[in-house]
Structures are given as C-alpha cells and as structure tokens.
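Beneath this line is the structure, given in structure tokens, with notes to follow.
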Amino acid sequence: MENAIIIGGGIGGLTTGALLSKHGYKVIVLEAGGEVGGCDGKFFKDLFSFPVGATFGMGFEEEGIHNKILRYLGINVNIFPLSEAIRITGFSAPLSIFQNRTNHLK
Ligand SMILES: Cc1cc2nc3c(=O)[nH]c(=O)nc-3n(C[C@H](O)[C@H](O)[C@H](O)COP(=O)(O)OP(=O)(O)OC[C@H]3O[C@@H](n4cnc5c(N)ncnc54)[C@H](O)[C@@H]3O)c2cc1C
C-alpha cells in the first residue's frame, strides 16, 4: 500500500485524501489548525473572522463538482439546496447571496 501525506485539512485536502484512499493509498492529513474544514467553516477578511459554518451553497447541483465527487466516492448525503446560501448581517440591510442569481435582481 502506498502512503500519502496531505498538508492541510480544508475541503481540498480532505477531498484529495478521500480520493486517494479510494484508490488504495494510506492517507494521513496534517492540519495546522484546531479543526478541519479550512475556510469552509470560517473565513477571514482583514481583521475580521466570520464563523459562518459550512458555506457551501454551490457545487451540489446534479452535475456540481461536490456532488460528482460524493457520487464517485459512493457517499450518500441528504443534501437539499438553500435558496439563500449566505446572509451577511450587521449593515443597515442584510446582504444575501442566493442560489438562483436572478433573485439578486428582485
Ligand atoms: C463565504 C464563502 C462562500 C463559499 N461558497 C462556496 C460554495 O458555495 N461552493 C464552493 O465550492 N466553494 C465555496 N467557497 C470556496 C471554498 O470554501 C474554498 O474554495 C475551499 O474551502 C478551499 O479549500 P482548500 O482546502 O483549498 O483551502 P482552505 O480551506 O484554506 O484549507 C487549507 C487548510 O490548510 C491548513 N494549512 C495551511 N498551512 C498548513 C501547514 N503548513 N500545515 C498544516 N496545515 C496547513 C489550513 O489551516 C486550512 O485548514 C466559499 C468560500 C467562502 C469564503
């Protein structure tokens, strides 16, 4: 069995690890932070930290990249799309990012 060491447990590292593991590699993921997920669980802008939780609003469509990879790995997850993928508050009005781009025009 071949060994693979992956530096970084963000979605990129975890996905790579899962794919290598499917192909018979023994995988070790080294993560510098206290948790896996990378900027999928939080992100930083200037001095601010946004603990937004899972931010994946895109990629789980039928032919979306994450959906394709999950199918390839044989992982069944009950995924349902949120119409409003992200809402940023703290301004005079909330800023929303919708799945359906035409909603931004309303
Ligand atoms: C608000 C927001 C919304 C988004 N929405 C979507 C979406 O809907 N769909 C989508 O597909 N993408 C989306 N993205 C993008 C997606 O989240 C990122 O592209 C993805 O999470 C990047 O993953 P990564 O593994 O490449 O990098 P990162 O998430 O940055 O992970 C890198 C990891 O490596 C670790 N690391 C760094 N250096 C070292 C080291 N020397 N040793 C060990 N560990 C180390 C870090 O701690 C981190 O955990 C969104 C991003 C944001 C901010």
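Residue names in the structure tokens use chain letters A, B, ... in the order shown, residue numbers from 1 in each chain, and ligand numbers from 1 in the order shown.
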Contacts between ligand 1 and chain A, please, where a residue of chain A counts if it comes within 7 Å (with only C-alpha atoms and all ligand atoms); show its shortest atom pair and distance in Å to one decimal, rows by chain and ascending number, as JSON lines.
{"residue": "A:Ile7", "atom": "CA", "partner": "ligand 1", "partner_atom_place_in_ligand_line": "43 (C)", "distance": 4.8}
{"residue": "A:Gly8", "atom": "CA", "partner": "ligand 1", "partner_atom_place_in_ligand_line": "34 (O)", "distance": 3.2}
{"residue": "A:Gly9", "atom": "CA", "partner": "ligand 1", "partner_atom_place_in_ligand_line": "49 (O)", "distance": 4.7}
{"residue": "A:Gly10", "atom": "CA", "partner": "ligand 1", "partner_atom_place_in_ligand_line": "25 (O)", "distance": 3.4}
{"residue": "A:Ile11", "atom": "CA", "partner": "ligand 1", "partner_atom_place_in_ligand_line": "25 (O)", "distance": 4.1}
{"residue": "A:Gly12", "atom": "CA", "partner": "ligand 1", "partner_atom_place_in_ligand_line": "25 (O)", "distance": 3.4}
{"residue": "A:Gly13", "atom": "CA", "partner": "ligand 1", "partner_atom_place_in_ligand_line": "25 (O)", "distance": 5.2}
{"residue": "A:Leu30", "atom": "CA", "partner": "ligand 1", "partner_atom_place_in_ligand_line": "43 (C)", "distance": 5.2}
{"residue": "A:Glu31", "atom": "CA", "partner": "ligand 1", "partner_atom_place_in_ligand_line": "44 (N)", "distance": 3.8}
{"residue": "A:Ala32", "atom": "CA", "partner": "ligand 1", "partner_atom_place_in_ligand_line": "44 (N)", "distance": 3.8}
{"residue": "A:Gly33", "atom": "CA", "partner": "ligand 1", "partner_atom_place_in_ligand_line": "47 (O)", "distance": 4.6}
{"residue": "A:Val36", "atom": "CA", "partner": "ligand 1", "partner_atom_place_in_ligand_line": "49 (O)", "distance": 5.6}
{"residue": "A:Gly37", "atom": "CA", "partner": "ligand 1", "partner_atom_place_in_ligand_line": "49 (O)", "distance": 5.7}
{"residue": "A:Gly38", "atom": "CA", "partner": "ligand 1", "partner_atom_place_in_ligand_line": "49 (O)", "distance": 3.3}
{"residue": "A:Cys39", "atom": "CA", "partner": "ligand 1", "partner_atom_place_in_ligand_line": "29 (O)", "distance": 3.8}
{"residue": "A:Asp40", "atom": "CA", "partner": "ligand 1", "partner_atom_place_in_ligand_line": "17 (O)", "distance": 4.1}
{"residue": "A:Phe43", "atom": "CA", "partner": "ligand 1", "partner_atom_place_in_ligand_line": "53 (C)", "distance": 5.2}
{"residue": "A:Thr55", "atom": "CA", "partner": "ligand 1", "partner_atom_place_in_ligand_line": "3 (C)", "distance": 4.7}
{"residue": "A:Phe56", "atom": "CA", "partner": "ligand 1", "partner_atom_place_in_ligand_line": "8 (O)", "distance": 3.6}
{"residue": "A:Gly57", "atom": "CA", "partner": "ligand 1", "partner_atom_place_in_ligand_line": "8 (O)", "distance": 3.5}
{"residue": "A:Met58", "atom": "CA", "partner": "ligand 1", "partner_atom_place_in_ligand_line": "8 (O)", "distance": 3.6}
{"residue": "A:Gly59", "atom": "CA", "partner": "ligand 1", "partner_atom_place_in_ligand_line": "11 (O)", "distance": 5.1}
* Asked: Can you list, as a list of chain:residue names, every residue of region 21-106 of chain A that DSSP puts in strand (DSSP E or B)?
  ->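 The strand (DSSP E or B) residues within region 21-106 of chain A come out as A:Lys26, A:Val27, A:Ile28, A:Val29, A:Leu30, A:Gly37, A:Phe43, A:Phe44, A:Lys45, A:Phe48, A:Ser49, A:Phe50, A:Glu84, A:Ala85, A:Ile86, A:Arg87, A:Ile88, A:Leu95, A:Ser96, A:Ile97, A:Phe98.
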Just write the chosen residues, N, CA, C and O atoms, as a short mmCIF file (atom, residue, chain, number, x, y, z; two decimals), in the first residue's frame.
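Output contents, as saved in part_20.cif:
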data_model
loop_
_atom_site.label_atom_id
_atom_site.label_comp_id
_atom_site.auth_asym_id
_atom_site.auth_seq_id
_atom_site.Cartn_x
_atom_site.Cartn_y
_atom_site.Cartn_z
N LYS A 26 -2.79 4.77 1.75
CA LYS A 26 -2.95 5.03 3.18
C LYS A 26 -2.68 6.52 3.36
O LYS A 26 -1.57 6.99 3.04
N VAL A 27 -3.67 7.26 3.83
CA VAL A 27 -3.60 8.73 3.82
C VAL A 27 -3.48 9.26 5.24
O VAL A 27 -4.19 8.83 6.14
N ILE A 28 -2.60 10.23 5.39
CA ILE A 28 -2.51 11.00 6.64
C ILE A 28 -2.71 12.46 6.27
O ILE A 28 -2.03 12.97 5.36
N VAL A 29 -3.64 13.12 6.93
CA VAL A 29 -3.87 14.55 6.70
C VAL A 29 -3.31 15.31 7.91
O VAL A 29 -3.69 15.03 9.05
N LEU A 30 -2.41 16.25 7.62
CA LEU A 30 -1.84 17.08 8.69
C LEU A 30 -2.50 18.45 8.64
O LEU A 30 -2.44 19.13 7.61
N GLY A 37 -11.61 21.51 7.92
CA GLY A 37 -12.65 22.26 7.19
C GLY A 37 -12.09 23.50 6.53
O GLY A 37 -12.66 23.99 5.56
N PHE A 43 -14.08 32.11 7.57
CA PHE A 43 -13.15 32.79 6.71
C PHE A 43 -12.77 34.13 7.32
O PHE A 43 -13.45 34.64 8.21
N PHE A 44 -11.66 34.67 6.85
CA PHE A 44 -11.11 35.88 7.43
C PHE A 44 -11.04 36.97 6.38
O PHE A 44 -10.72 36.72 5.22
N LYS A 45 -11.38 38.17 6.79
CA LYS A 45 -11.28 39.33 5.90
C LYS A 45 -10.73 40.46 6.74
O LYS A 45 -11.34 40.84 7.75
N PHE A 48 -11.25 40.81 10.53
CA PHE A 48 -12.47 40.17 10.98
C PHE A 48 -12.48 38.67 10.69
O PHE A 48 -11.99 38.22 9.65
N SER A 49 -13.04 37.92 11.61
CA SER A 49 -13.22 36.49 11.43
C SER A 49 -14.72 36.22 11.29
O SER A 49 -15.51 36.72 12.09
N PHE A 50 -15.11 35.46 10.28
CA PHE A 50 -16.52 35.17 10.04
C PHE A 50 -16.76 33.69 10.31
O PHE A 50 -16.43 32.83 9.49
N GLU A 84 -31.33 30.75 -0.06
CA GLU A 84 -30.43 31.82 0.35
C GLU A 84 -29.17 31.15 0.91
O GLU A 84 -29.18 30.60 2.01
N ALA A 85 -28.08 31.16 0.12
CA ALA A 85 -26.88 30.43 0.52
C ALA A 85 -26.13 31.12 1.65
O ALA A 85 -25.59 30.48 2.54
N ILE A 86 -26.09 32.44 1.61
CA ILE A 86 -25.32 33.21 2.60
C ILE A 86 -26.11 34.48 2.92
O ILE A 86 -26.68 35.10 2.02
N ARG A 87 -26.13 34.85 4.22
CA ARG A 87 -26.68 36.15 4.60
C ARG A 87 -25.68 36.84 5.52
O ARG A 87 -25.30 36.30 6.55
N ILE A 88 -25.26 38.02 5.12
CA ILE A 88 -24.31 38.79 5.93
C ILE A 88 -25.08 39.92 6.58
O ILE A 88 -25.73 40.73 5.90
N LEU A 95 -27.18 41.48 3.56
CA LEU A 95 -26.72 41.21 2.20
C LEU A 95 -26.84 39.70 1.97
O LEU A 95 -26.22 38.92 2.69
N SER A 96 -27.64 39.32 1.01
CA SER A 96 -27.89 37.90 0.77
C SER A 96 -27.28 37.45 -0.54
O SER A 96 -27.22 38.21 -1.50
N ILE A 97 -26.83 36.20 -0.53
CA ILE A 97 -26.35 35.58 -1.76
C ILE A 97 -27.26 34.37 -2.02
O ILE A 97 -27.35 33.46 -1.19
N PHE A 98 -27.95 34.41 -3.13
CA PHE A 98 -28.95 33.39 -3.45
C PHE A 98 -28.39 32.34 -4.39
O PHE A 98 -27.49 32.61 -5.18
#
* **DSSP-assigned alpha helix (DSSP H) members of chain A, reported as a list in words** =>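 Here are the alpha helix (DSSP H) residues of chain A: Ile11, Gly12, Gly13, Leu14, Thr15, Thr16, Gly17, Ala18, Leu19, Leu20, Ser21, Lys22, Ile65, His66, Asn67, Lys68, Ile69, Leu70, Arg71, Tyr72 and Leu73 of chain A.
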Those selected residues, please, written with all heavy atoms and delivered as a compact mmCIF listing (two decimals), in the first residue's frame.
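Output file again-v8.txt follows:
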# COMPACT_ATOMS: atom_id res chain seq x y z
N ILE A 11 -11.26 21.59 2.57
CA ILE A 11 -12.05 20.71 1.70
C ILE A 11 -11.18 20.13 0.58
O ILE A 11 -11.38 18.99 0.16
CB ILE A 11 -13.30 21.45 1.14
CG1 ILE A 11 -14.31 20.46 0.59
CG2 ILE A 11 -12.93 22.48 0.10
CD1 ILE A 11 -15.02 19.66 1.63
N GLY A 12 -10.16 20.91 0.15
CA GLY A 12 -9.25 20.41 -0.88
C GLY A 12 -8.45 19.22 -0.38
O GLY A 12 -8.38 18.18 -1.05
N GLY A 13 -7.88 19.34 0.80
CA GLY A 13 -7.07 18.26 1.37
C GLY A 13 -7.92 17.05 1.71
O GLY A 13 -7.53 15.90 1.46
N LEU A 14 -9.10 17.31 2.29
CA LEU A 14 -9.97 16.19 2.67
C LEU A 14 -10.49 15.44 1.44
O LEU A 14 -10.57 14.22 1.43
CB LEU A 14 -11.15 16.71 3.51
CG LEU A 14 -10.77 17.31 4.88
CD1 LEU A 14 -12.02 17.87 5.57
CD2 LEU A 14 -10.09 16.28 5.77
N THR A 15 -10.82 16.21 0.39
CA THR A 15 -11.31 15.59 -0.83
C THR A 15 -10.19 14.77 -1.48
O THR A 15 -10.40 13.61 -1.89
CB THR A 15 -11.82 16.66 -1.82
OG1 THR A 15 -12.87 17.39 -1.18
CG2 THR A 15 -12.35 16.03 -3.09
N THR A 16 -9.01 15.35 -1.55
CA THR A 16 -7.87 14.63 -2.11
C THR A 16 -7.60 13.36 -1.32
O THR A 16 -7.37 12.28 -1.89
CB THR A 16 -6.61 15.53 -2.11
OG1 THR A 16 -6.92 16.74 -2.78
CG2 THR A 16 -5.44 14.85 -2.79
N GLY A 17 -7.66 13.48 0.00
CA GLY A 17 -7.43 12.32 0.85
C GLY A 17 -8.45 11.22 0.61
O GLY A 17 -8.10 10.04 0.52
N ALA A 18 -9.70 11.63 0.48
CA ALA A 18 -10.76 10.63 0.26
C ALA A 18 -10.57 9.95 -1.10
O ALA A 18 -10.74 8.73 -1.22
CB ALA A 18 -12.12 11.31 0.32
N LEU A 19 -10.17 10.73 -2.11
CA LEU A 19 -9.98 10.15 -3.45
C LEU A 19 -8.78 9.21 -3.46
O LEU A 19 -8.84 8.11 -4.02
CB LEU A 19 -9.81 11.26 -4.49
CG LEU A 19 -11.08 12.07 -4.78
CD1 LEU A 19 -10.76 13.30 -5.63
CD2 LEU A 19 -12.14 11.22 -5.45
N LEU A 20 -7.68 9.63 -2.82
CA LEU A 20 -6.51 8.75 -2.76
C LEU A 20 -6.82 7.48 -1.98
O LEU A 20 -6.38 6.38 -2.35
CB LEU A 20 -5.33 9.50 -2.12
CG LEU A 20 -4.65 10.55 -2.99
CD1 LEU A 20 -3.64 11.34 -2.16
CD2 LEU A 20 -3.96 9.89 -4.18
N SER A 21 -7.57 7.64 -0.90
CA SER A 21 -7.93 6.49 -0.09
C SER A 21 -8.75 5.49 -0.91
O SER A 21 -8.54 4.28 -0.83
CB SER A 21 -8.72 6.98 1.13
OG SER A 21 -9.05 5.91 1.94
N LYS A 22 -9.65 6.02 -1.74
CA LYS A 22 -10.45 5.13 -2.60
C LYS A 22 -9.56 4.35 -3.56
O LYS A 22 -9.86 3.24 -3.95
CB LYS A 22 -11.47 5.96 -3.37
CG LYS A 22 -12.40 5.12 -4.26
CD LYS A 22 -13.42 6.00 -4.96
CE LYS A 22 -14.19 5.22 -6.03
NZ LYS A 22 -15.13 4.26 -5.52
N ILE A 65 -19.52 19.93 -8.80
CA ILE A 65 -18.28 19.21 -8.51
C ILE A 65 -18.35 18.38 -7.23
O ILE A 65 -17.90 17.24 -7.18
CB ILE A 65 -17.07 20.19 -8.47
CG1 ILE A 65 -15.76 19.45 -8.27
CG2 ILE A 65 -17.23 21.27 -7.40
CD1 ILE A 65 -15.37 18.56 -9.41
N HIS A 66 -18.95 18.95 -6.17
CA HIS A 66 -19.00 18.20 -4.90
C HIS A 66 -19.92 17.00 -5.01
O HIS A 66 -19.64 15.93 -4.48
CB HIS A 66 -19.46 19.12 -3.76
CG HIS A 66 -18.63 20.35 -3.64
ND1 HIS A 66 -17.27 20.32 -3.49
CD2 HIS A 66 -18.97 21.66 -3.68
CE1 HIS A 66 -16.80 21.55 -3.44
NE2 HIS A 66 -17.81 22.38 -3.55
N ASN A 67 -21.02 17.21 -5.73
CA ASN A 67 -21.97 16.10 -5.92
C ASN A 67 -21.32 14.97 -6.74
O ASN A 67 -21.47 13.79 -6.41
CB ASN A 67 -23.21 16.62 -6.63
CG ASN A 67 -24.44 15.81 -6.26
OD1 ASN A 67 -24.41 15.03 -5.33
ND2 ASN A 67 -25.51 16.00 -6.99
N LYS A 68 -20.57 15.35 -7.76
CA LYS A 68 -19.89 14.33 -8.59
C LYS A 68 -18.90 13.53 -7.74
O LYS A 68 -18.80 12.31 -7.86
CB LYS A 68 -19.13 15.01 -9.73
CG LYS A 68 -19.98 15.38 -10.92
CD LYS A 68 -19.06 15.93 -12.00
CE LYS A 68 -19.81 16.33 -13.23
NZ LYS A 68 -18.96 17.03 -14.19
N ILE A 69 -18.16 14.25 -6.91
CA ILE A 69 -17.13 13.57 -6.09
C ILE A 69 -17.81 12.66 -5.06
O ILE A 69 -17.38 11.52 -4.86
CB ILE A 69 -16.20 14.60 -5.41
CG1 ILE A 69 -15.32 15.25 -6.48
CG2 ILE A 69 -15.35 13.95 -4.34
CD1 ILE A 69 -14.50 16.42 -6.00
N LEU A 70 -18.88 13.14 -4.44
CA LEU A 70 -19.59 12.29 -3.47
C LEU A 70 -20.11 11.02 -4.14
O LEU A 70 -20.00 9.93 -3.59
CB LEU A 70 -20.75 13.07 -2.83
CG LEU A 70 -20.35 14.14 -1.81
CD1 LEU A 70 -21.58 14.94 -1.39
CD2 LEU A 70 -19.68 13.53 -0.59
N ARG A 71 -20.66 11.19 -5.35
CA ARG A 71 -21.16 10.02 -6.09
C ARG A 71 -20.02 9.05 -6.38
O ARG A 71 -20.14 7.85 -6.19
CB ARG A 71 -21.81 10.46 -7.40
CG ARG A 71 -23.31 10.72 -7.31
CD ARG A 71 -24.00 10.59 -8.66
NE ARG A 71 -23.41 11.36 -9.71
CZ ARG A 71 -23.75 12.61 -10.04
NH1 ARG A 71 -24.71 13.21 -9.36
NH2 ARG A 71 -23.16 13.24 -11.02
N TYR A 72 -18.89 9.61 -6.84
CA TYR A 72 -17.73 8.78 -7.18
C TYR A 72 -17.24 8.01 -5.96
O TYR A 72 -16.83 6.85 -6.05
CB TYR A 72 -16.62 9.68 -7.74
CG TYR A 72 -15.38 8.94 -8.13
CD1 TYR A 72 -15.35 8.16 -9.28
CD2 TYR A 72 -14.24 9.00 -7.34
CE1 TYR A 72 -14.21 7.46 -9.63
CE2 TYR A 72 -13.09 8.32 -7.68
CZ TYR A 72 -13.08 7.55 -8.83
OH TYR A 72 -11.96 6.85 -9.18
N LEU A 73 -17.30 8.68 -4.78
CA LEU A 73 -16.83 8.03 -3.56
C LEU A 73 -17.88 7.09 -2.97
O LEU A 73 -17.59 6.36 -2.02
CB LEU A 73 -16.47 9.11 -2.51
CG LEU A 73 -15.24 9.97 -2.83
CD1 LEU A 73 -15.13 11.12 -1.84
CD2 LEU A 73 -13.96 9.12 -2.81
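Between CA of Gly90 (chain A) and CA of Pro51 (chain A) the separation is 13.9 Å.
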* **Separation of CA of Gly64 (chain A) from CA of Asn100 (chain A) in Å** => 14.5 Å
